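**Student:** Enclosed is the structure file upload.txt (compact mmCIF, C-alpha atoms).
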# COMPACT_ATOMS: atom_id res chain seq x y z
CA MET A 1 14.00 11.34 -2.63
CA SER A 2 14.69 13.92 0.05
CA GLU A 3 16.30 17.24 0.81
CA LYS A 4 19.59 15.34 0.81
CA MET A 5 19.19 15.05 -2.95
CA CYS A 6 19.04 18.74 -3.76
CA GLY A 7 -11.02 9.78 7.07
CA SER A 8 -8.86 7.83 9.53
CA ASN A 9 -8.86 4.12 10.24
CA SER A 10 -9.75 2.41 13.47
CA THR A 11 -9.32 5.13 16.08
CA GLY A 12 -11.12 8.11 14.59
CA MET A 13 -9.61 11.49 13.83
CA SER A 14 -10.26 14.71 11.94
CA SER A 15 -12.25 14.77 8.71
CA PRO A 16 -10.55 14.61 5.32
CA ILE A 17 -9.64 17.84 3.56
CA SER A 18 -12.67 19.60 2.11
CA ALA A 19 -13.29 19.24 -1.61
CA GLY A 20 -12.59 22.93 -2.18
CA ALA A 21 -9.13 22.90 -0.61
CA ALA A 22 -6.16 23.48 -2.92
CA ILE A 23 -4.37 20.20 -3.53
CA LYS A 24 -1.32 21.38 -5.48
CA GLY A 25 1.92 21.29 -3.50
CA LEU A 26 5.67 21.27 -3.89
CA GLY A 27 8.67 19.57 -2.34
CA VAL A 28 11.17 22.31 -1.52
CA CYS A 29 14.82 21.30 -1.32
CA GLY A 30 16.62 24.27 -2.88
CA ALA A 31 18.37 26.47 -0.35
CA ALA A 32 18.03 29.51 -2.63
CA THR A 33 14.26 29.28 -3.07
CA THR A 34 12.37 32.10 -1.38
CA ALA A 35 8.94 32.38 0.19
CA ASP A 36 8.00 35.00 -2.42
CA GLU A 37 8.85 32.59 -5.25
CA LEU A 38 6.73 29.86 -3.73
CA GLY A 39 3.94 32.32 -3.06
CA GLY A 40 3.66 33.02 -6.76
CA LEU A 41 2.97 29.39 -7.70
CA GLY A 42 -0.59 29.14 -6.42
CA LEU A 43 0.27 26.33 -4.02
CA GLY A 44 -2.08 24.98 -1.41
CA TRP A 45 0.75 23.41 0.58
CA TYR A 46 4.45 22.59 0.61
CA TYR A 47 6.98 20.63 2.61
CA ASN A 48 10.75 20.27 2.89
CA TRP A 49 11.17 16.74 4.34
CA ARG A 50 11.84 18.23 7.78
CA PRO A 51 9.79 18.94 10.93
CA ALA A 52 10.35 22.73 10.62
CA GLN A 53 10.16 25.13 7.70
CA LYS A 54 13.31 26.97 6.66
CA ILE A 55 12.13 29.89 4.57
CA GLY A 56 9.26 31.36 6.54
CA PRO A 57 5.53 31.49 5.77
CA VAL A 58 4.40 31.23 2.14
CA ALA A 59 1.36 33.26 1.16
CA GLY A 60 -1.67 31.06 0.68
CA ALA A 61 0.17 27.80 1.32
CA GLU A 62 0.27 25.51 4.35
CA PHE A 63 3.58 24.11 5.54
CA VAL A 64 3.31 20.40 6.39
CA PRO A 65 6.00 19.02 8.74
CA MET A 66 7.61 15.65 8.06
CA PHE A 67 9.48 13.31 10.37
CA TRP A 68 11.97 12.14 7.75
CA SER A 69 13.33 9.20 9.74
CA ASP A 70 13.56 7.86 13.26
CA LEU A 71 16.30 10.42 13.93
CA ASP A 72 13.70 13.21 13.70
CA VAL A 73 11.49 11.71 16.40
CA THR A 74 12.94 13.67 19.31
CA GLY A 75 11.20 15.38 22.18
CA GLU A 76 12.27 18.76 20.84
CA ASN A 77 10.87 18.15 17.36
CA LEU A 78 7.65 16.63 18.67
CA ASP A 79 7.07 19.61 20.95
CA ALA A 80 7.80 22.09 18.15
CA VAL A 81 5.47 20.40 15.66
CA GLY A 82 2.75 20.07 18.28
CA ARG A 83 2.92 23.81 18.96
CA SER A 84 3.34 24.85 15.32
CA GLY A 85 -0.31 25.10 14.37
CA ALA A 86 0.18 22.60 11.52
CA THR A 87 -2.98 20.67 10.72
CA HIS A 88 -1.22 17.72 9.03
CA VAL A 89 1.98 15.75 9.66
CA LEU A 90 3.80 13.39 7.31
CA GLY A 91 5.42 10.15 8.42
CA PHE A 92 8.76 8.71 7.40
CA ASN A 93 10.31 9.25 3.96
CA GLU A 94 10.95 6.24 1.71
CA PRO A 95 11.59 3.78 4.55
CA ASP A 96 12.12 1.06 1.95
CA MET A 97 15.23 2.81 0.55
CA ASN A 98 18.74 2.43 1.98
CA GLY A 99 19.63 6.03 1.17
CA GLN A 100 16.48 7.43 2.73
CA ALA A 101 14.74 6.64 6.04
CA ASN A 102 15.71 2.97 5.70
CA MET A 103 13.25 1.68 8.31
CA SER A 104 11.44 -1.61 8.57
CA PRO A 105 7.66 -1.61 8.98
CA GLU A 106 8.18 -2.77 12.56
CA ALA A 107 10.50 0.16 13.31
CA CYS A 108 7.92 2.60 11.93
CA LEU A 109 5.12 0.94 13.89
CA ALA A 110 7.10 1.17 17.12
CA LEU A 111 7.49 4.94 16.78
CA TRP A 112 4.02 5.61 15.39
CA PRO A 113 2.24 6.22 18.73
CA ARG A 114 4.57 9.18 19.36
CA LEU A 115 3.44 10.78 16.08
CA MET A 116 -0.20 9.95 16.81
CA ALA A 117 0.06 11.79 20.12
CA LEU A 118 0.62 15.08 18.28
CA GLY A 119 -3.08 15.22 17.42
CA GLN A 120 -2.76 16.44 13.83
CA ARG A 121 -4.00 14.42 10.86
CA LEU A 122 -1.23 11.93 10.23
CA GLY A 123 -0.01 10.62 6.89
CA SER A 124 1.56 7.20 6.51
CA PRO A 125 5.23 6.63 5.76
CA ALA A 126 5.80 7.35 2.06
CA PRO A 127 7.52 4.39 0.39
CA ALA A 128 9.19 4.47 -3.00
CA ASP A 129 7.48 1.15 -3.75
CA SER A 130 3.85 0.81 -2.68
CA ARG A 131 4.41 -2.86 -1.80
CA TRP A 132 6.09 -1.74 1.44
CA MET A 133 2.69 -0.41 2.53
CA GLU A 134 1.26 -3.93 2.33
CA LYS A 135 3.37 -4.82 5.37
CA PHE A 136 2.95 -1.60 7.34
CA LEU A 137 -0.68 -0.57 7.06
CA PRO A 138 -2.53 -3.84 7.77
CA GLU A 139 -0.44 -4.27 10.92
CA ALA A 140 -1.07 -0.66 11.95
CA ILE A 141 -4.80 -1.25 11.59
CA ARG A 142 -4.57 -4.53 13.52
CA ARG A 143 -2.86 -2.69 16.40
CA GLY A 144 -5.43 0.10 16.39
CA LEU A 145 -2.89 2.71 15.29
CA ARG A 146 -4.21 5.79 13.54
CA VAL A 147 -3.30 6.56 9.93
CA ASP A 148 -5.45 9.32 8.44
CA PHE A 149 -4.19 9.23 4.86
CA ILE A 150 -1.79 7.24 2.69
CA CYS A 151 1.35 8.85 1.24
CA LEU A 152 2.95 7.44 -1.91
CA HIS A 153 5.76 8.32 -4.33
CA ARG A 154 6.09 7.54 -8.02
CA TYR A 155 8.54 8.56 -10.75
CA PRO A 156 7.24 6.89 -13.90
CA ASP A 157 8.77 6.56 -17.32
CA ILE A 158 7.47 9.79 -18.83
CA SER A 159 8.31 8.57 -22.31
CA ASP A 160 5.28 6.30 -21.88
CA PRO A 161 2.10 8.12 -23.04
CA GLU A 162 0.19 6.16 -20.38
CA ALA A 163 2.49 7.17 -17.51
CA ALA A 164 -0.07 9.37 -15.76
CA ASP A 165 -2.77 6.70 -16.04
CA LYS A 166 -0.42 4.19 -14.42
CA VAL A 167 0.21 6.58 -11.53
CA GLY A 168 -3.54 6.93 -11.16
CA ALA A 169 -3.95 3.15 -11.12
CA MET A 170 -1.42 2.89 -8.29
CA LEU A 171 -3.34 5.47 -6.26
CA GLU A 172 -6.65 3.77 -6.96
CA ASP A 173 -5.25 0.45 -5.82
CA ALA A 174 -4.06 1.91 -2.51
CA HIS A 175 -7.41 3.58 -1.88
CA ARG A 176 -9.31 0.41 -2.75
CA ARG A 177 -7.14 -1.72 -0.44
CA TYR A 178 -7.30 0.51 2.62
CA GLY A 179 -10.26 2.85 2.20
CA LEU A 180 -8.22 5.93 3.11
CA PRO A 181 -7.57 9.25 1.36
CA VAL A 182 -4.31 9.42 -0.59
CA TRP A 183 -1.55 12.01 -0.96
CA LEU A 184 0.95 11.72 -3.81
CA THR A 185 3.77 13.38 -1.91
CA GLU A 186 6.46 12.96 -4.59
CA CYS A 187 6.02 12.77 -8.32
CA GLY A 188 8.14 14.30 -11.04
CA ALA A 189 9.49 14.21 -14.56
CA ALA A 190 12.64 12.28 -13.75
CA ASP A 191 14.88 10.83 -16.41
CA VAL A 192 14.60 7.30 -15.09
CA SER A 193 16.65 6.03 -18.02
CA ALA A 194 19.64 7.77 -16.41
CA TRP A 195 19.51 6.01 -13.06
CA ARG A 196 17.21 3.03 -12.99
CA GLN A 197 16.12 1.70 -16.37
CA PRO A 198 18.71 2.54 -19.05
CA GLN A 199 16.79 0.61 -21.69
CA LEU A 200 14.02 3.24 -21.67
CA ALA A 201 13.73 6.07 -24.16
CA LYS A 202 15.50 9.31 -23.29
CA PRO A 203 12.76 11.68 -22.07
CA THR A 204 12.31 15.19 -23.43
CA ARG A 205 10.86 18.48 -22.20
CA ALA A 206 7.81 17.87 -24.37
CA MET A 207 7.30 14.53 -22.59
CA ALA A 208 7.57 16.28 -19.21
CA ARG A 209 4.91 18.79 -20.21
CA ARG A 210 2.63 16.06 -21.52
CA PHE A 211 3.05 14.04 -18.34
CA LEU A 212 2.15 17.00 -16.10
CA LYS A 213 -0.92 17.83 -18.17
CA ASN A 214 -2.10 14.20 -18.13
CA LEU A 215 -1.32 13.79 -14.43
CA ARG A 216 -3.42 16.80 -13.53
CA ALA A 217 -6.32 15.35 -15.50
CA VAL A 218 -5.97 11.97 -13.79
CA LEU A 219 -5.79 13.46 -10.28
CA ALA A 220 -8.77 15.70 -10.95
CA ARG A 221 -11.01 12.70 -11.50
CA LEU A 222 -9.88 10.84 -8.37
CA PRO A 223 -11.89 12.35 -5.49
CA PHE A 224 -9.97 10.42 -2.83
CA VAL A 225 -6.67 12.17 -3.75
CA GLU A 226 -6.46 15.01 -1.25
CA ARG A 227 -3.09 16.48 -2.24
CA TYR A 228 -0.06 16.01 -4.45
CA ALA A 229 3.43 17.50 -4.50
CA TRP A 230 5.79 17.89 -7.44
CA PHE A 231 9.50 17.19 -7.11
CA ALA A 232 10.90 19.77 -6.90
CA ASP A 233 11.72 23.49 -6.76
CA ARG A 234 15.40 23.70 -7.79
CA VAL A 235 16.92 20.44 -8.97
CA GLY A 236 19.30 19.43 -11.72
CA ASP A 237 20.66 16.37 -13.47
CA GLU A 238 17.97 13.79 -14.16
CA TYR A 239 15.26 16.01 -12.62
CA SER A 240 16.00 19.11 -14.71
CA LEU A 241 13.17 18.43 -17.17
CA GLY A 242 10.64 19.29 -14.49
CA THR A 243 12.39 21.83 -12.30
CA ILE A 244 10.30 24.83 -11.26
CA PHE A 245 12.99 27.49 -10.76
CA ALA A 246 16.23 28.15 -12.58
CA PRO A 247 19.48 28.53 -10.58
CA GLY A 248 19.43 32.32 -10.82
CA ALA A 249 17.49 34.53 -8.44
CA ALA A 250 13.75 34.95 -9.03
CA ARG A 251 13.78 32.94 -12.27
CA ILE A 252 10.90 30.62 -13.00
CA THR A 253 11.42 28.07 -15.76
CA PRO A 254 8.97 27.51 -18.64
CA PHE A 255 7.98 24.26 -16.95
CA GLY A 256 7.54 26.17 -13.69
CA LYS A 257 5.10 28.51 -15.42
CA LEU A 258 3.15 25.49 -16.60
CA TYR A 259 3.00 24.17 -13.04
CA ARG A 260 2.07 27.60 -11.70
CA ASP A 261 -0.84 27.84 -14.10
CA ALA A 262 -2.03 24.26 -13.59
Would you mind writing the structure in this file as structure tokens?

**Tutor:**
Amino acid sequence: MSEKMCGSNSTGMSSPISAGAAIKGLGVCGAATTADELGGLGLGWYYNWRPAQKIGPVAGAEFVPMFWSDLDVTGENLDAVGRSGATHVLGFNEPDMNGQANMSPEACLALWPRLMALGQRLGSPAPADSRWMEKFLPEAIRRGLRVDFICLHRYPDISDPEAADKVGAMLEDAHRRYGLPVWLTECGAADVSAWRQPQLAKPTRAMARRFLKNLRAVLARLPFVERYAWFADRVGDEYSLGTIFAPGAARITPFGKLYRDA
């Protein structure tokens, strides 16, 4: 997904986020969302799939820049992120997807030293399918490139009562393979029956609430998960079951209240 749709390894770097840091975050793609709205959600962090924030500082929450694709890796963006005071940077967005960054592991590896040079803790590219990481990360380690934490996405079938456990199993597998902290940088209550698996049961708002509750419980017992971000602030169509804000000004949805209070 992206705005268009709405310890370290071998080289040593900064320490992982402290256990007391807020891990709850949000992907922000709605142009109408305000800093005050986000500030009322109790977030620890947020991002917007871009190197620079668009809505100004959010009270209590850290903005994390992302280099969405190779097109973002410009001298101007690198200089701005380096001077921004950000403590973390996210790598490329869904490089395994044609409609997203659409980058091979080799293309990501070639640009990676430019992101490393920024000095902030650096998150891996975030694939839609974790199998892409099996090609990228071992080669990054072999080359001595620094990756400080793994970023992953997952939109499960929320009609499955075990959906949250399956997300947790994916995160555990990544941590076990690579020994790095993990960020779940996109997860949401998508109606996957509408766009990927039409044979699945039609999800409901009750299923979305159950999934969020179960996901929070799963993440809370995985100490290597540093942060997670829900998708997203203002979205419709197949994502409407888990949208945080309604289209109108300053309107939080019932699901948004649940996320706020999580």

**Student:** Please list as an NGL selection string every residue within 8 Å of A:Glu226, counting only C-alpha atoms and excluding residues in the same chain fewer than 6 positions away.

**Tutor:** :A and (16-17 or 23 or 181-183)

**Student:** Which polymer residues have any atom within 12 Å of an atom of A:Leu109, counting all atoms listed in the file, with same-chain residues fewer than 2 positions away left out, as an MDAnalysis selection string?

**Tutor:** chainID A and resid 70 91:92 95 103:107 111:116 124:125 133 135:147

**Student:** Rounded to one decimal place, report the atom CA of A:Leu43-atom CA of A:Gly27 distance in Å.

**Tutor:**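 Computed distance, atom CA of A:Leu43 to atom CA of A:Gly27, equals 10.9 Å.
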
**Student:** Interatomic distance between atom CA of A:Trp132 and atom CA of A:Phe63?

**Tutor:**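 Those two atoms sit 26.3 Å apart.
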
**Student:** Residues within 12 Å of A:Arg216, please, as a list in words. Count all atoms listed in the file; anything in the same chain fewer than 6 positions from it doesn't count.

**Tutor:** Ile23, Lys24, Ala163, Ala164, Asp165, Val167, Gly168, Leu184, Cys187, Arg209, Arg210, Leu222, Val225, Arg227, Tyr228, Ala229, Trp230, Leu258, Tyr259, Asp261 and Ala262 of chain A

**Student:** Figure out the distance between atom CA of A:Gly242 and atom CA of A:Ala61, please, to one decimal in Å.

**Tutor:**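 Atom CA of A:Ala61 sits 20.8 Å away from atom CA of A:Gly242.
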
**Student:** Fewer than 4 positions away in the same chain doesn't count, so skip those; otherwise give me all residues within 10 Å of A:Ser240, counting only C-alpha atoms, as a ChimeraX atom specification.

**Tutor:** /A:188-191,205,208,232,234-236,244-246,255

**Student:** Which residue, A:Phe231, A:Asp96, A:Asp79, A:Leu219, has the smallest gap to A:Arg154 when you use all atoms listed in the file?

**Tutor:**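 Of A:Phe231, A:Asp96, A:Asp79, A:Leu219, the one nearest A:Arg154 is A:Phe231, counting all atoms listed in the file.
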
**Student:** My list of candidates is A:Asp160, A:Arg221, A:Asp129, A:Pro247. Which is closest to A:Thr204 when distances are computed with all atoms listed in the file?

**Tutor:**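 Answer, going by the shortest atom-to-atom distance: A:Asp160.
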
**Student:** Counting only C-alpha atoms, which of A:Trp49, A:Tyr178, A:Tyr155, A:Phe149 gets nearest to A:Ser193?

**Tutor:**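 Ranking A:Trp49, A:Tyr178, A:Tyr155, A:Phe149 by distance to A:Ser193, first place goes to A:Tyr155.
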
**Student:** From the set A:Glu76, A:Gly44, A:Gln120, A:Asp157, which residue has the shortest atom-to-atom contact distance to A:Val192, counting only C-alpha atoms?

**Tutor:**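 Comparing A:Glu76, A:Gly44, A:Gln120, A:Asp157 against A:Val192, the winner is A:Asp157.
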
**Student:** Given the choices A:Val81, A:Leu41, A:Met207, A:Cys108, which gets closest to A:Pro156 if the distance is worked out from all atoms listed in the file?

**Tutor:**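 Comparing A:Val81, A:Leu41, A:Met207, A:Cys108 against A:Pro156, the winner is A:Met207.
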
**Student:** Pick the closest to A:Asp72 from A:Arg131, A:Lys257, A:Arg50, A:Arg121: which is it, counting all atoms listed in the file?

**Tutor:**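 Closest candidate: A:Arg50.
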